[in-house]
Every structure is written in C-alpha cells, then in structure tokens.
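**Student:** Structure supplied as run_14.txt; contents: compact mmCIF, C-alpha atoms.
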```
# COMPACT_ATOMS: atom_id res chain seq x y z
CA MET C 836 -27.79 -6.28 90.81
CA ASP C 837 -31.23 -5.12 91.97
CA GLU C 838 -32.41 -6.51 95.27
CA ILE C 839 -35.31 -8.97 95.00
CA ILE C 840 -38.20 -7.98 97.24
CA ASN C 841 -39.14 -10.75 99.64
CA ILE C 842 -42.35 -10.50 101.58
CA ASP C 843 -43.07 -12.63 104.63
CA GLU C 844 -45.09 -15.65 103.41
CA ASP C 845 -47.28 -15.67 106.53
CA VAL C 846 -48.31 -12.08 105.89
CA ILE C 847 -49.07 -12.82 102.24
CA SER C 848 -51.16 -15.87 102.99
CA GLU C 849 -53.18 -13.95 105.56
CA LEU C 850 -53.58 -10.91 103.33
CA ALA C 851 -54.36 -12.73 100.07
CA PRO C 852 -58.03 -13.65 100.71
CA TYR C 853 -58.77 -10.16 101.97
CA LEU C 854 -57.21 -8.49 98.94
CA LYS C 855 -58.94 -10.97 96.63
CA GLU C 856 -62.29 -10.03 98.13
CA LYS C 857 -61.51 -6.35 97.47
CA LYS C 858 -60.16 -7.18 93.99
CA VAL C 859 -56.83 -5.53 94.75
CA SER C 860 -53.63 -7.19 93.59
CA ARG C 861 -50.65 -7.46 95.93
CA SER C 862 -48.50 -5.71 93.33
CA VAL C 863 -50.84 -2.72 93.19
CA LEU C 864 -50.86 -2.43 96.98
CA VAL C 865 -47.07 -2.65 97.33
CA SER C 866 -46.49 -0.29 94.37
CA SER C 867 -48.85 2.28 95.88
CA ILE C 868 -47.04 2.25 99.20
CA LEU C 869 -43.65 2.65 97.53
CA LYS C 870 -44.93 5.45 95.26
CA ASP C 871 -46.40 7.28 98.25
CA ILE C 872 -43.08 7.15 100.10
CA LEU C 873 -41.21 8.31 97.01
CA PHE C 874 -43.65 11.19 96.44
CA ALA C 875 -43.31 12.35 100.04
CA GLU C 876 -39.52 12.13 99.81
CA LYS C 877 -39.35 14.09 96.54
CA TYR C 878 -42.09 16.67 96.85
CA ALA C 879 -43.34 16.96 100.43
CA LYS C 880 -40.21 17.43 102.48
CA ALA C 881 -41.93 19.90 104.83
CA ASN C 882 -44.10 17.19 106.36
CA GLN C 883 -43.23 13.79 104.93
CA SER C 884 -44.94 11.75 107.62
CA TYR C 885 -48.30 13.45 107.10
CA ALA C 886 -47.94 13.21 103.32
CA ILE C 887 -47.31 9.45 103.55
CA VAL C 888 -50.27 8.90 105.88
CA GLU C 889 -52.76 10.92 103.81
CA GLN C 890 -51.66 9.36 100.51
CA PHE C 891 -51.84 5.85 101.96
CA LEU C 892 -55.32 6.38 103.38
CA VAL C 893 -56.55 7.90 100.12
CA ASP C 894 -55.04 5.04 98.11
CA LEU C 895 -56.85 2.53 100.31
CA TYR C 896 -60.06 4.52 99.82
CA ARG C 897 -59.56 4.51 96.04
CA MET C 898 -58.99 0.74 96.12
CA GLY C 899 -62.20 0.24 98.07
CA ILE C 900 -60.42 -1.07 101.17
CA LEU C 901 -61.39 1.95 103.28
CA GLU C 902 -64.66 3.87 103.29
CA TYR C 903 -65.27 7.59 103.83
CA LYS C 904 -65.98 7.07 107.51
CA ASP C 905 -62.62 5.35 107.94
CA LEU C 906 -60.84 8.53 106.83
CA LEU C 907 -62.50 10.72 109.45
CA PRO C 908 -60.47 9.86 112.58
CA VAL C 909 -57.15 10.79 110.95
CA LEU C 910 -58.00 13.34 108.26
CA GLY C 911 -60.90 15.03 110.04
CA TYR C 912 -64.28 15.93 108.58
CA GLU C 913 -63.22 18.80 106.28
CA ARG C 914 -60.17 17.13 104.72
CA ALA C 915 -61.95 13.78 104.36
CA LEU C 916 -64.69 15.55 102.40
CA GLU C 917 -62.12 17.36 100.28
CA VAL C 918 -60.15 14.25 99.33
CA THR C 919 -63.25 12.18 98.56
CA ASN C 920 -64.57 15.07 96.45
CA THR C 921 -61.22 15.15 94.65
CA ILE C 922 -61.39 11.44 93.80
CA ARG C 923 -65.01 11.75 92.65
CA THR C 924 -64.09 14.78 90.52
CA ALA C 925 -61.30 12.84 88.75
CA GLU C 926 -63.63 9.85 88.22
CA ARG C 927 -66.34 12.10 86.77
CA PHE C 928 -63.80 13.82 84.55
CA LYS C 929 -62.74 10.46 83.08
CA SER C 930 -66.41 9.58 82.42
CA TRP C 931 -67.01 12.97 80.80
CA LEU C 932 -64.00 12.51 78.51
CA LYS C 933 -65.35 9.16 77.30
CA ARG C 934 -68.72 10.65 76.34
CA MET X 86 -65.82 16.33 68.21
CA VAL X 87 -64.82 19.63 69.83
CA LYS X 88 -66.00 19.91 73.44
CA GLU X 89 -67.01 23.34 74.72
CA ILE X 90 -65.81 24.13 78.23
CA ALA X 91 -65.82 27.09 80.60
CA CYS X 92 -62.62 28.09 82.38
CA ASP X 93 -61.77 30.44 85.19
CA THR X 94 -58.56 32.49 85.19
CA SER X 95 -56.59 29.90 87.18
CA ALA X 96 -57.54 27.12 84.75
CA ILE X 97 -56.49 29.20 81.73
CA ILE X 98 -53.18 30.03 83.41
CA ILE X 99 -52.42 26.34 84.10
CA ILE X 100 -53.42 25.36 80.53
CA PHE X 101 -50.99 27.90 79.07
CA SER X 102 -48.28 27.24 81.67
CA ALA X 103 -48.28 23.61 80.52
CA HIS X 104 -48.32 24.73 76.89
CA HIS X 105 -45.26 26.87 77.46
CA ILE X 106 -43.15 24.31 79.33
CA SER X 107 -44.41 21.05 77.81
CA GLY X 108 -41.51 20.94 75.38
CA ASN X 109 -43.82 20.31 72.46
CA LYS X 110 -46.04 23.30 71.82
CA ASP X 111 -47.29 22.06 68.44
CA LYS X 112 -48.55 18.71 69.73
CA TYR X 113 -49.99 20.43 72.80
CA LEU X 114 -51.96 22.85 70.61
CA VAL X 115 -53.30 20.00 68.47
CA GLU X 116 -54.73 18.41 71.62
CA LEU X 117 -55.95 21.73 73.07
CA LYS X 118 -57.93 22.43 69.90
CA LYS X 119 -60.18 19.50 70.82
CA TYR X 120 -61.73 21.94 73.31
CA LYS X 121 -63.49 25.23 72.68
CA LEU X 122 -62.65 27.54 75.58
CA ALA X 123 -65.27 29.94 76.94
CA ALA X 124 -65.00 32.35 79.87
CA PRO X 125 -66.78 35.40 81.22
CA SER X 126 -65.39 38.82 80.25
CA CYS X 127 -64.02 39.38 83.77
CA VAL X 128 -61.53 36.55 83.12
CA ARG X 129 -60.10 38.52 80.19
CA GLY X 130 -59.64 41.47 82.58
CA GLU X 131 -57.84 39.26 85.11
CA LEU X 132 -55.62 37.79 82.39
CA ARG X 133 -54.73 41.31 81.19
CA ASP X 134 -53.76 42.22 84.77
CA PHE X 135 -51.58 39.11 85.00
CA ALA X 136 -50.02 39.90 81.62
CA LYS X 137 -48.72 43.23 82.96
CA ARG X 138 -46.50 41.35 85.42
CA GLY X 139 -42.96 40.67 84.35
CA ASP X 140 -42.89 37.09 85.67
CA ASP X 141 -43.71 33.66 84.24
CA LEU X 142 -47.41 33.92 85.10
CA GLY X 143 -47.53 37.17 83.12
CA LEU X 144 -45.96 35.39 80.18
CA PHE X 145 -48.49 32.52 80.32
CA ALA X 146 -51.39 35.01 80.63
CA ASN X 147 -50.07 36.91 77.63
CA GLU X 148 -49.95 33.70 75.57
CA SER X 149 -53.52 32.86 76.56
CA LEU X 150 -54.73 36.27 75.36
CA SER X 151 -53.48 35.57 71.86
CA TYR X 152 -55.42 32.26 71.80
CA LYS X 153 -59.04 32.12 70.67
CA ILE X 154 -61.21 32.15 73.79
CA ASP X 155 -64.91 32.92 73.60
CA PHE X 156 -65.35 35.70 76.20
CA GLN X 157 -68.98 36.22 77.18
CA SER X 158 -70.62 38.85 79.34
CA VAL X 159 -72.43 37.61 82.44
CA GLY X 160 -75.12 39.82 83.93
CA LEU X 161 -74.78 41.20 87.46
CA GLU X 162 -78.22 39.83 88.32
CA ASP X 163 -77.01 36.31 87.45
CA ILE X 164 -73.96 36.74 89.70
CA GLU X 165 -76.18 37.98 92.56
CA ARG X 166 -78.54 35.03 92.05
CA TYR X 167 -75.71 32.48 92.37
CA LYS X 168 -74.22 34.37 95.31
CA LYS X 169 -77.49 33.93 97.16
CA ILE X 170 -77.58 30.20 96.38
CA LEU X 171 -73.95 29.71 97.40
CA GLY X 172 -74.12 31.94 100.44
CA VAL X 173 -70.75 33.46 99.57
CA VAL X 174 -70.50 37.16 100.01
CA GLY X 175 -66.85 38.13 100.21
CA HIS X 176 -65.55 35.14 102.12
CA ARG X 177 -63.71 31.88 101.36
CA GLY X 178 -61.76 33.89 98.76
CA ILE X 179 -64.49 33.29 96.18
CA THR X 180 -64.76 36.29 93.86
CA ASP X 181 -67.56 37.63 91.70
CA CYS X 182 -65.52 36.50 88.69
CA ASP X 183 -65.43 32.90 90.03
CA ILE X 184 -69.20 33.07 90.34
CA ALA X 185 -69.50 34.52 86.82
CA CYS X 186 -67.60 31.43 85.55
CA LEU X 187 -70.03 29.16 87.37
CA SER X 188 -73.01 31.07 86.02
CA LEU X 189 -71.69 30.84 82.44
CA ALA X 190 -71.04 27.09 82.75
CA ILE X 191 -74.44 26.29 84.21
CA ASP X 192 -76.39 28.53 81.84
CA ARG X 193 -74.66 27.03 78.78
CA ASN X 194 -74.67 23.52 80.29
CA ILE X 195 -70.95 23.02 79.79
CA PRO X 196 -68.32 21.82 82.29
CA LEU X 197 -66.43 24.34 84.37
CA PHE X 198 -62.68 24.00 84.91
CA ILE X 199 -61.29 25.80 87.92
CA ASP X 200 -57.98 25.47 89.78
CA ASP X 201 -59.06 27.31 92.89
CA PHE X 202 -59.54 24.12 94.91
CA LYS X 203 -61.68 25.71 97.62
CA ALA X 204 -64.01 27.25 95.05
CA GLN X 205 -64.25 23.95 93.16
CA PHE X 206 -65.11 22.13 96.37
CA HIS X 207 -67.68 24.75 97.37
CA PHE X 208 -69.32 24.94 93.94
CA SER X 209 -69.48 21.18 93.43
CA SER X 210 -71.04 20.67 96.85
CA PHE X 211 -73.90 22.99 95.82
CA PHE X 212 -74.17 21.88 92.19
CA ASP X 213 -73.38 18.19 92.41
CA ASP X 214 -75.29 17.47 89.20
CA HIS X 215 -73.07 19.84 87.22
CA GLU X 216 -69.57 18.99 85.98
CA ILE X 217 -67.01 21.12 87.82
CA PHE X 218 -63.45 19.89 87.29
CA PHE X 219 -59.86 20.91 88.00
CA GLY X 220 -57.93 22.63 85.21
CA ILE X 221 -54.94 20.42 85.93
CA LEU X 222 -57.02 17.38 84.93
CA LEU X 223 -57.65 18.98 81.54
CA VAL X 224 -53.90 19.51 81.21
CA CYS X 225 -53.32 15.81 81.97
CA SER X 226 -55.82 14.78 79.29
CA ILE X 227 -54.09 17.08 76.77
CA LEU X 228 -50.69 15.59 77.66
CA THR X 229 -51.93 12.00 77.15
CA GLY X 230 -51.89 12.87 73.43
CA PHE X 231 -48.10 12.75 73.39
CA MET X 232 -46.75 11.65 76.79
CA SER X 233 -46.80 8.35 78.71
CA GLU X 234 -48.43 8.16 82.16
CA SER X 235 -45.11 8.26 83.99
CA GLU X 236 -43.97 11.22 81.86
CA ILE X 237 -47.16 13.10 82.70
CA PHE X 238 -46.73 12.42 86.42
CA SER X 239 -43.12 13.65 86.38
CA PHE X 240 -43.99 16.66 84.22
CA VAL X 241 -46.80 17.72 86.55
CA PHE X 242 -44.80 17.48 89.78
CA ASP X 243 -41.28 18.30 88.58
CA LYS X 244 -42.15 21.18 86.23
CA LEU X 245 -45.75 22.31 86.11
CA VAL X 246 -46.64 22.58 89.81
CA PRO X 247 -43.38 24.36 90.83
CA ASN X 248 -43.80 26.79 87.90
CA ARG X 249 -47.45 27.53 88.56
CA TRP X 250 -47.46 27.55 92.36
CA LYS X 251 -44.12 28.68 93.78
CA ASN X 252 -45.07 28.10 97.42
CA ILE X 253 -47.82 25.51 97.19
CA SER X 254 -49.27 24.28 100.47
CA LEU X 255 -48.99 20.59 101.34
CA ARG X 256 -52.80 20.43 101.33
CA ASN X 257 -53.08 21.65 97.72
CA LEU X 258 -50.08 19.57 96.60
CA LEU X 259 -51.71 16.40 97.95
CA THR X 260 -55.08 17.37 96.42
CA ILE X 261 -53.38 17.59 93.02
CA LYS X 262 -51.57 14.30 93.64
CA HIS X 263 -54.81 12.47 94.49
CA ALA X 264 -56.59 13.90 91.42
CA VAL X 265 -53.74 13.17 89.00
CA SER X 266 -53.21 9.64 90.39
CA GLU X 267 -56.91 8.86 90.04
CA TYR X 268 -56.96 10.26 86.51
CA LEU X 269 -53.92 8.26 85.43
CA VAL X 270 -55.17 4.91 86.80
```
Go through the file and emit its structure as structure tokens.
**Tutor:**
Amino acid sequence: MDEIINIDEDVISELAPYLKEKKVSRSVLVSSILKDILFAEKYAKANQSYAIVEQFLVDLYRMGILEYKDLLPVLGYERALEVTNTIRTAERFKSWLKR
Amino acid sequence: MVKEIACDTSAIIIIFSAHHISGNKDKYLVELKKYKLAAPSCVRGELRDFAKRGDDLGLFANESLSYKIDFQSVGLEDIERYKKILGVVGHRGITDCDIACLSLAIDRNIPLFIDDFKAQFHFSSFFDDHEIFFGILLVCSILTGFMSESEIFSFVFDKLVPNRWKNISLRNLLTIKHAVSEYLV
C-alpha cells in the first residue's frame, strides 16, 4: 500500500496564509519539490545538489514567491538572467501560440 | 491558419530529431504542417554538411532536406548591419549564419526559433520586442497534438535530449527543463 504523506500541521498552518497570498496551492508546492528531486535523480547525476537548488529557486520564481533579485545570491548575475529569460521566452511562446 | 516561422540549423535538427523518434511520424507531420518553415540559404548548406555524417544527426538533417523549407538568401550587408548592432564579431560562438537567421526573421517580421541557447539569450536581449524562441518549445507544441503533458516531458528528457545532445551540459539541460516546465504548466 502507498504511504500517505503527512505534513506537520504547525508548518502547514504557518505556511497556508503565505501561500494563499501568493496564490500557490500546497499541492503545487509539494509536487514541484518532489518533481525537482526526481529530475535531478534521473537526469542530472553529475551534480544533483546544484540541479535541485536551481530548479527549486526557479520554481519559486515561476510561482511568484521569489523575485529576480532573490535568485542573484545563489545563481549569480549571468545565470539568473539566463533562467529568467528562459521563463519569459516560454511565457511569450505560449502567448504567441494563442494568437 | 499556417504560421510562418524562421529556424536556424539547430532548430531544424531538433524538429526532425523529434519527428524521427516520436513514434508517430504521420501525426507529427500533421502538426508540423501548421507551420511554414523559412531559413536563410546558409542553413541549407549547414544541413547538407550534417547530412554527410553517418550518425543520427546526419539522418535527421537528411530528412529535413526532403521537407519543404523556404530557403531565402540574406545579403552580406544585412549580416554586417546586425553584427554591428549585436557587437558580435567572431565570439560567443555566434556565426554569420545565426545572424542571417535573425536578419531574415526580423525583416519578415516572423518569430525565430533557435536552439543555440547563448545565441537566443544574446539576440533576445538586443531585440526584446521580437519573438525569439527555442526550437524545443516548438517541438513541445507539435507533440501536444498527440501526447499528454507527462508523455511529452518523458519523451523530451528520456529520448529527445539524449539523442540530440549526447553530452549536454547541466546548464543547458536545466535551461531546457525550465522552458519545458513553464510551457507545460
């Protein structure tokens, strides 16, 4: 039988208003973290820890929890610009497709 | 409505790599025909060079050459003009042919698809008002015609990326992952 995921109630109650303000569901946040770990495990074996960190930061940026400036201390100026350009490019591509 | 797009060599290679390994060439072609592909003549030369190789990339290039692509000549003066704007003369790995693709896309006011991530980043930082996308995003949109989101994600990272880029850097792998994830949201 699959294990049921239990999350500490204190953490949830503290986190809930913050996530609500950012319009991010708990499920989306938890799913993203698990997907990032899985991706690093499957495809980025050379440097899993960096892959997890970058994906997590970029996911938080995409969700609106982090801003560009928050990426700078860890990713550095050049990579932060690259990843934000990448997200903007994908967003613009989706808009272009709809036109 | 058929959308006209410009592609560089790397974008054409990824489009036809995906066509070859998608497992459903007919459905893939139906979706691909929603786009009219245009490229400068130098791209045809690069594809012919690729086609001479005996490996998978050669095979994909060969398939692309039998597909209808509108190859256009781009004047040297146009390439020199964009070189001056971009400030790229033989560095960052950006070639005259990359610049010819940009020139064609801007002059015809159509989006440019390019899978050289550094060139895409450089071009889009100078021409932010122009649509400059990754070829792999076009592949994802083609695949949505007959695959689910999770199938596309698995296809891209289990098959397409390892086939197209044998020794991909972590940086480029993560760039693709961010783009594909954002597209599939």
**Student:** Pick from X:Leu142, X:Glu148, X:Ala91, X:Asn252: nearest to Asp192 in chain X, with all atoms listed in the file counted?
**Tutor:**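 That would be X:Ala91, the residue with the smallest distance to Asp192 in chain X.
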**Student:** Mind listing as a list in words which residues of chain X are within 7 Å of chain C, counting only C-alpha atoms?
**Tutor:**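 Those within range of chain C come out as Phe206, Phe218, Leu255, Thr260, His263, Ala264, Glu267 and Tyr268 of chain X.
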**Student:** One decimal, Å: what's the distance from CA of Ile106 in chain X over to CA of Gln157 in chain X, could you say?
**Tutor:** 28.5 Å
**Student:** Do a neighbour search on range 842-851 of chain C at 10 Å with all atoms listed in the file, toss out local chain neighbours closer than 6 positions, and write the hits as a list in words.
**Tutor:**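 Once the adjacent positions are removed, what remains is Lys857, Val859, Ser860 and Arg861 of chain C.
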**Student:** In Å, rounded to a single decimal, give me how far CA of Met232 in chain X is from CA of Gly899 in chain C.
**Tutor:**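 About the pair CA of Gly899 in chain C and CA of Met232 in chain X: they are 28.7 Å apart.
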**Student:** Between CA of Glu902 in chain C and CA of Leu873 in chain C, what distance in Å does the model show, to one decimal?
**Tutor:**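 According to the coordinates, CA of Glu902 in chain C and CA of Leu873 in chain C are separated by 24.7 Å.
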**Student:** From the list X:Leu259, X:Leu144, X:Ile237, X:Ile199, which residue is nearest Val888 in chain C when using only C-alpha atoms?
**Tutor:**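 Of all the options, X:Leu259 lies closest to Val888 in chain C.
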**Student:** Which protein, DNA or RNA residues have an atom at most 12 Å from (-76.6, 33.2, 90.2), counting all atoms listed in the file? List them as number ranges by chain.
**Tutor:** X: 159-173, 181-192, 208, 211-212
**Student:** Just to be explicit: take each residue in the selection above, keep C-alpha atoms, and write the result as a PDB file, keeping the file's coordinate frame.
**Tutor:**
```pdb
ATOM      1  CA  VAL X 159     -72.430  37.610  82.440  1.00  0.00           C
ATOM      2  CA  GLY X 160     -75.120  39.820  83.930  1.00  0.00           C
ATOM      3  CA  LEU X 161     -74.780  41.200  87.460  1.00  0.00           C
ATOM      4  CA  GLU X 162     -78.220  39.830  88.320  1.00  0.00           C
ATOM      5  CA  ASP X 163     -77.010  36.310  87.450  1.00  0.00           C
ATOM      6  CA  ILE X 164     -73.960  36.740  89.700  1.00  0.00           C
ATOM      7  CA  GLU X 165     -76.180  37.980  92.560  1.00  0.00           C
ATOM      8  CA  ARG X 166     -78.540  35.030  92.050  1.00  0.00           C
ATOM      9  CA  TYR X 167     -75.710  32.480  92.370  1.00  0.00           C
ATOM     10  CA  LYS X 168     -74.220  34.370  95.310  1.00  0.00           C
ATOM     11  CA  LYS X 169     -77.490  33.930  97.160  1.00  0.00           C
ATOM     12  CA  ILE X 170     -77.580  30.200  96.380  1.00  0.00           C
ATOM     13  CA  LEU X 171     -73.950  29.710  97.400  1.00  0.00           C
ATOM     14  CA  GLY X 172     -74.120  31.940 100.440  1.00  0.00           C
ATOM     15  CA  VAL X 173     -70.750  33.460  99.570  1.00  0.00           C
ATOM     16  CA  ASP X 181     -67.560  37.630  91.700  1.00  0.00           C
ATOM     17  CA  CYS X 182     -65.520  36.500  88.690  1.00  0.00           C
ATOM     18  CA  ASP X 183     -65.430  32.900  90.030  1.00  0.00           C
ATOM     19  CA  ILE X 184     -69.200  33.070  90.340  1.00  0.00           C
ATOM     20  CA  ALA X 185     -69.500  34.520  86.820  1.00  0.00           C
ATOM     21  CA  CYS X 186     -67.600  31.430  85.550  1.00  0.00           C
ATOM     22  CA  LEU X 187     -70.030  29.160  87.370  1.00  0.00           C
ATOM     23  CA  SER X 188     -73.010  31.070  86.020  1.00  0.00           C
ATOM     24  CA  LEU X 189     -71.690  30.840  82.440  1.00  0.00           C
ATOM     25  CA  ALA X 190     -71.040  27.090  82.750  1.00  0.00           C
ATOM     26  CA  ILE X 191     -74.440  26.290  84.210  1.00  0.00           C
ATOM     27  CA  ASP X 192     -76.390  28.530  81.840  1.00  0.00           C
ATOM     28  CA  PHE X 208     -69.320  24.940  93.940  1.00  0.00           C
ATOM     29  CA  PHE X 211     -73.900  22.990  95.820  1.00  0.00           C
ATOM     30  CA  PHE X 212     -74.170  21.880  92.190  1.00  0.00           C
TER      31      PHE X 212
END
```
**Student:** Considering all atoms listed in the file, return as a list in words whatever protein or nucleic-acid residues lie within 12 Å of Asp140 in chain X, sequence-local ones (same chain, fewer than 3 positions apart) excluded.
**Tutor:**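 The neighbour list is Ser102, Phe135, Ala136, Lys137, Gly143, Leu144, Phe145, Ala146, Asn147, Asn248, Arg249 and Lys251 of chain X.
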**Student:** Pick out the closest residue to Lys153 in chain X from this set: X:Val246, X:Ile221, X:Leu122, X:Leu197. Count all atoms listed in the file.
**Tutor:** X:Leu122
